[in-house]
Amino acid sequence: MTQNEIFISDKTLKYRKIKSNLVLTFCVIASILTVLPLLYIFFYTTASGFSHLSLDFLIQMPKPVGEEGGGMANAIVGTLILIGLASVIGIPVGILSGIYVAEYSGGIFSNIVKFVTDVLSGTPSIIIGIFAYTVIVLTTGSFSALSGGFALGIIMIPTVTRITEEMLKLVPQSIREASLALGISRWRTTLNIVLKTALPGITTGILLAIARIAGETAPLLFTSFGNQFFSLALNEPIASLPIQIYNYAKSPYTDWHQQAWAGAMVLVMLVFVINLIVRFFTKNKFSSEL
Amino acid sequence: MFINSYPSRSQFGLSFIFSQDWDPVKDKFGALAFIYGTIVSSIIALIISLPISLGVAIFLSEMAGKFLKTTVGFLVEILAAIPSIIFGFWGLFVLVPFMRNSVQPFLEKTLGFIPLFSGANIGTGMLTAGIILAIMITPIISAISRDVIKAIPKSQREAAYALGATRWEAIRMALLNAKSGILGATVLGFGRAVGETMAVTMVIGNRAQISAGLFDPAYSMASVIANEFAEASKTIHVSSLIEVGLLLFVVTFIINSLARILIYSATKKYDAK
Amino acid sequence: MMEEENKNNSEENIEDKFSISTENLSVYFNEKPAIKDINLKVRNKSVTAIIGPSGCGKSTYLRSLNMMHELTPTATVYGSIKINNIDIQEFGVINLRKKVGMVFQKPNPFPTLSIYDNVISGLVYTGRHYKKDLDEKVERCLTASGLWNEVKDRLKVSAMTLSGGQQQRLCIARTIAVNPDIILMDEPTSALDPISTTKIEELVYNLKKEYTIIIVTHNMQQAARVSDHTAFFYLGRLVEYSKTRTIFTNPKEKLTEEYVTGKFG
């Protein structure tokens, strides 16, 4: 290389280096930009909500507009009931399909299951709400907690299925072989031995699914509908945290807005805590496997 | 059990034909505004989110040290887990005034000559919806992109460095390889934006109109269902809403299938190695 | 039962009770043969070693004896396998595995179960147990596998707290709890340290009083130490099968001689 050539390549090198650093800086900025809204939302919600959060809030019922105080007890209880209903559908169906796909894969049926799971997980929740509407609300003639739980349950299924499948696949084949070599039948092997081994992972999956449905609003808008009063009846509309927040937020009343912030904070905290727990336990699991 | 989703489709199907027969003119017009609203807001979201998502993905897979990787990664995960009404709520009370008072006037002043940046300055509108959606889909796109980038064997990058590439150039080579996977992630994010309901409903303004101005309020498919379904009493109304739902379902189905094919083919490339 | 002097040619057709034999056994994976036409008769209550270089089909042969290949969709098995002159197909897989136990190369106790529960797992999950007998059974099996003294105070502790060698002995205890007649061992010590290896070899020697043991090993010295008869496999075929002493000191086939003298490995 002549003197000139080296010189020129130096120059382009500088240019390339600058470009490289620019892009990398952009990446860092991008990351900050992403994290920022999260932190902002988190802290804003907490700050706004915290000042209006009180024991009253958790225990009391909503008061008519204009009156001070009141809480979201019915919504909190409602959300818990809906989660319970959803789990009754979501957990068994999800785990069973997860088992089927992981252990008995290869047939046409298991491919169908996989396909439907994928479709279901990509479907917007409001559409699932419409489905629940046509299946339950139209047939029973009224909005009900049952239909809300049904909708949420269906939303849960693909999450639980996928994680069950993944966790089962992580169980080493040698365990299955040991069990079969002892003369234990195939289904017993799957149920008692393999499933038990994968259980911690599956539980975290279920927790994540619960965190997801706790915040779902759209499908509940026309299934469980919402209720200003306390209700435990499964065939009647029931209040839930997200719906309550939505209704209050839309309203023109400031004290309802404040309540909504408190509710939002409870919801965010719930989701945050569940994710934290899940993270903590998956870290533990990996370190113990090392 | 899962096949039960299909009976609902045939039920939709009946309403589909039914409403088409009854009031095609009104219905068609209505649906168009929603389709427009859904697609445009999602496209805006994509335009904003894509570079940022890629930036985050690169940061997490190539640049960050262990501590940052876990913390930032965790935060991004939490961002993905936050329920959409919270985004909507926050959007309504924080982002909307911000848009109304600072951003939109600013944009109007500087770029107002482009018809895009015009329209009623209420705060709620297409642009705001697009921004909220962008925040919501970034975690998805960046998470999948990060996985795809990670899947590329180190040897590729080492080869680039050995040839004297700068950091960015080596990363760019890796990106080119991950192209289809990243594309898949983007499509998936787009699908999520299209189906997103609550956050959009609260900030889009809920006016069924098609307008070039981004500041103008608009309406998305999911939003109209959310707002009107519970109170719709006339069968025509209900069935046309269901028809919108059917359209939404079909659109998301196609988008998600496309995304999965792309992601599958991207990871398959490296499985063979 | 073990009249060593009477055996000059070990392919005797004295059908001892509980012996397992294969006739023209071949196993194909995806149309490619792994083992071909194996004719072998294993003697009752003895230790038979299967030796040969890597990939010669030893494990494949072993695993066909308790029908493990049904787990592999690409495998097809031809030929017949008989226990007491009864074809194993007539037993049914579950019953077969109660008669024929297996110990694997890498110790694989059930990770979520305690030591105690591991031992009885083969009984509990097949519905064959009486609550009162369990304690006694656990002690008996752990004693037979030489583990009792080391774990008797911590039976309810997780099986994963044991060392590799202990885990393998636990697996052996678990296998004999089911009361099989035949125990298959697929390179049981290759993942273990020398001390554990010795302990297990001792164990095998003691177990042969009650069980028929077939042990696959890539370690010739181990075969020489532990077994009464040895079968030498090469490239999927049975080359020679004799009393161990014969195989190692006076093999009939040239190939056998080359292998045992270390000409190839």
# chains A, B, ... in the order shown; residues from 1 in each chain; ligands from 1
call {"tool": "residues_around", "arguments": {"residues": "His218 in chain C", "least_positions_apart": "3", "cutoff": "10 Å", "atoms": "only C-alpha atoms", "output": "list in words"}}
result
Ala49, Ile50, Ile51, Gly52, Pro53, Ser54, Lys58, Asp186, Glu187, Ser190, Ile215, Gln221, Gln222, Ala223 and Gly265 of chain C
call {"tool": "select_by_dssp", "arguments": {"residues": "range 84-120 of chain C", "states": "alpha helix (DSSP H)", "output": "PyMOL selection string"}}
result
chain C and resi 93-99+115-120
call {"tool": "write_last_selection", "arguments": {"atoms": "C-alpha atoms", "output": "short mmCIF file (atom, residue, chain, number, x, y, z; two decimals), in the first residue's frame"}}
result
data_model
loop_
_atom_site.label_atom_id
_atom_site.label_comp_id
_atom_site.auth_asym_id
_atom_site.auth_seq_id
_atom_site.Cartn_x
_atom_site.Cartn_y
_atom_site.Cartn_z
CA VAL C 93 -44.80 -54.40 27.80
CA ILE C 94 -45.77 -53.56 31.35
CA ASN C 95 -45.44 -57.10 32.64
CA LEU C 96 -42.23 -57.55 30.75
CA ARG C 97 -40.67 -54.61 32.50
CA LYS C 98 -41.68 -55.97 35.85
CA LYS C 99 -39.67 -59.05 35.06
CA ILE C 115 -34.82 -41.70 48.78
CA TYR C 116 -37.56 -43.76 50.37
CA ASP C 117 -40.13 -42.88 47.73
CA ASN C 118 -37.66 -43.53 44.94
CA VAL C 119 -37.10 -47.08 46.08
CA ILE C 120 -40.79 -47.90 46.18
#
call {"tool": "interface_residues", "arguments": {"of": "chain C", "to": "chain A", "cutoff": "7 Å", "atoms": "only C-alpha atoms", "output": "ChimeraX atom specification"}}
result
/C:94-95,97-98,101-102,108,110-112,122,125-126,175
call {"tool": "interface_residues", "arguments": {"of": "chain A", "to": "chain B", "cutoff": "8 Å", "atoms": "only C-alpha atoms", "output": "number ranges by chain"}}
result
A: 16-17, 19-21, 23-24, 26-31, 33-35, 37-38, 41, 45, 113, 116-117, 119, 122-127, 130-131, 134-135, 211-212, 215-218, 221-222, 225, 242, 245-246, 249, 264, 268, 271-272, 275
call {"tool": "closest_residue", "arguments": {"among": "A:Ile91, A:Ala145, A:Ile202, A:Ala233", "to": "Thr79 in chain A", "atoms": "only C-alpha atoms"}}
result
A:Ala145
call {"tool": "atom_distance", "arguments": {"atom1": "CA of Val40 in chain B", "atom2": "CA of Ile131 in chain B"}}
result
11.6 Å
call {"tool": "residues_around", "arguments": {"residues": "Ile213 in chain A", "least_positions_apart": "5", "cutoff": "8 Å", "atoms": "only C-alpha atoms", "output": "MDAnalysis selection string"}}
result
chainID A and resid 83 152 155:156
call {"tool": "atom_distance", "arguments": {"atom1": "CA of Gly49 in chain A", "atom2": "CA of Ile140 in chain B"}}
result
27.5 Å
call {"tool": "closest_residue", "arguments": {"among": "C:Glu139, C:Thr74, C:Ile81, C:Met67", "to": "Ser21 in chain C", "atoms": "only C-alpha atoms"}}
result
C:Ile81
call {"tool": "residues_around", "arguments": {"residues": "Met185 in chain C", "least_positions_apart": "2", "cutoff": "9 Å", "atoms": "only C-alpha atoms", "output": "PyMOL selection string"}}
result
chain C and resi 62+101-105+183+187-188+213-217
call {"tool": "residues_around", "arguments": {"residues": "Ala45 in chain B", "least_positions_apart": "2", "cutoff": "7 Å", "atoms": "only C-alpha atoms", "output": "list in words"}}
result
Ser41, Ser42, Ile43, Ile47, Ile48, Ser49, Gly130, Ile131, Leu133 and Ala134 of chain B
call {"tool": "write_last_selection", "arguments": {"atoms": "N, CA and C atoms", "output": "PDB file, in the first residue's frame"}}
result
ATOM      1  N   SER B  41     -53.387   3.844  12.725  1.00  0.00           N
ATOM      2  CA  SER B  41     -52.787   3.976  14.058  1.00  0.00           C
ATOM      3  C   SER B  41     -51.721   2.917  14.263  1.00  0.00           C
ATOM      4  N   SER B  42     -51.962   1.730  13.745  1.00  0.00           N
ATOM      5  CA  SER B  42     -50.969   0.674  13.900  1.00  0.00           C
ATOM      6  C   SER B  42     -49.717   0.969  13.092  1.00  0.00           C
ATOM      7  N   ILE B  43     -49.908   1.551  11.912  1.00  0.00           N
ATOM      8  CA  ILE B  43     -48.734   1.872  11.095  1.00  0.00           C
ATOM      9  C   ILE B  43     -47.889   2.939  11.789  1.00  0.00           C
ATOM     10  N   ILE B  47     -43.999   2.608  12.836  1.00  0.00           N
ATOM     11  CA  ILE B  47     -42.927   3.511  12.402  1.00  0.00           C
ATOM     12  C   ILE B  47     -42.144   4.015  13.602  1.00  0.00           C
ATOM     13  N   ILE B  48     -42.859   4.361  14.642  1.00  0.00           N
ATOM     14  CA  ILE B  48     -42.165   4.858  15.826  1.00  0.00           C
ATOM     15  C   ILE B  48     -41.434   3.745  16.535  1.00  0.00           C
ATOM     16  N   SER B  49     -42.102   2.605  16.644  1.00  0.00           N
ATOM     17  CA  SER B  49     -41.566   1.552  17.495  1.00  0.00           C
ATOM     18  C   SER B  49     -40.393   0.808  16.891  1.00  0.00           C
ATOM     19  N   GLY B 130     -51.367   6.343  18.058  1.00  0.00           N
ATOM     20  CA  GLY B 130     -50.195   5.702  17.494  1.00  0.00           C
ATOM     21  C   GLY B 130     -49.048   5.646  18.475  1.00  0.00           C
ATOM     22  N   ILE B 131     -48.884   6.737  19.214  1.00  0.00           N
ATOM     23  CA  ILE B 131     -47.771   6.769  20.173  1.00  0.00           C
ATOM     24  C   ILE B 131     -47.976   5.759  21.289  1.00  0.00           C
ATOM     25  N   LEU B 133     -49.704   3.072  21.198  1.00  0.00           N
ATOM     26  CA  LEU B 133     -49.507   1.738  20.649  1.00  0.00           C
ATOM     27  C   LEU B 133     -48.024   1.432  20.496  1.00  0.00           C
ATOM     28  N   ALA B 134     -47.266   2.465  20.084  1.00  0.00           N
ATOM     29  CA  ALA B 134     -45.835   2.250  19.904  1.00  0.00           C
ATOM     30  C   ALA B 134     -45.200   1.803  21.215  1.00  0.00           C
TER      31      ALA B 134
END
call {"tool": "select_by_dssp", "arguments": {"residues": "range 75-122 of chain C", "states": "strand (DSSP E)", "output": "PyMOL selection string"}}
result
chain C and resi 75-83+86-87+100-103
call {"tool": "write_last_selection", "arguments": {"atoms": "N, CA and C atoms", "output": "compact mmCIF listing (two decimals), in the first residue's frame"}}
result
# COMPACT_ATOMS: atom_id res chain seq x y z
N ALA C 75 -37.50 -46.89 15.13
CA ALA C 75 -36.91 -48.22 15.32
C ALA C 75 -37.87 -49.33 14.93
N THR C 76 -37.34 -50.35 14.24
CA THR C 76 -38.13 -51.55 13.98
C THR C 76 -37.34 -52.75 14.45
N VAL C 77 -38.04 -53.66 15.11
CA VAL C 77 -37.38 -54.83 15.69
C VAL C 77 -37.86 -56.10 15.01
N TYR C 78 -36.92 -56.91 14.60
CA TYR C 78 -37.28 -58.19 13.98
C TYR C 78 -36.68 -59.32 14.81
N GLY C 79 -37.26 -60.48 14.68
CA GLY C 79 -36.72 -61.63 15.41
C GLY C 79 -37.50 -61.84 16.68
N SER C 80 -37.08 -62.82 17.46
CA SER C 80 -37.86 -63.08 18.66
C SER C 80 -37.01 -63.06 19.91
N ILE C 81 -37.66 -62.66 20.95
CA ILE C 81 -37.02 -62.64 22.27
C ILE C 81 -37.87 -63.48 23.20
N LYS C 82 -37.23 -64.41 23.88
CA LYS C 82 -38.02 -65.29 24.72
C LYS C 82 -37.50 -65.29 26.15
N ILE C 83 -38.45 -65.30 27.07
CA ILE C 83 -38.08 -65.50 28.47
C ILE C 83 -38.74 -66.80 28.91
N ILE C 86 -40.97 -68.27 26.55
CA ILE C 86 -42.21 -67.61 26.16
C ILE C 86 -41.84 -66.30 25.48
N ASP C 87 -42.43 -66.09 24.33
CA ASP C 87 -42.13 -64.87 23.60
C ASP C 87 -42.56 -63.65 24.42
N VAL C 100 -38.13 -57.66 33.84
CA VAL C 100 -36.82 -57.28 33.35
C VAL C 100 -36.57 -55.83 33.72
N GLY C 101 -35.68 -55.61 34.68
CA GLY C 101 -35.42 -54.24 35.12
C GLY C 101 -34.21 -53.67 34.40
N MET C 102 -34.06 -52.34 34.46
CA MET C 102 -32.94 -51.72 33.78
C MET C 102 -32.28 -50.63 34.62
N VAL C 103 -30.98 -50.63 34.59
CA VAL C 103 -30.20 -49.57 35.25
C VAL C 103 -29.44 -48.84 34.15
call {"tool": "atom_distance", "arguments": {"atom1": "CA of Leu241 in chain A", "atom2": "CA of Leu138 in chain A"}}
result
24.2 Å
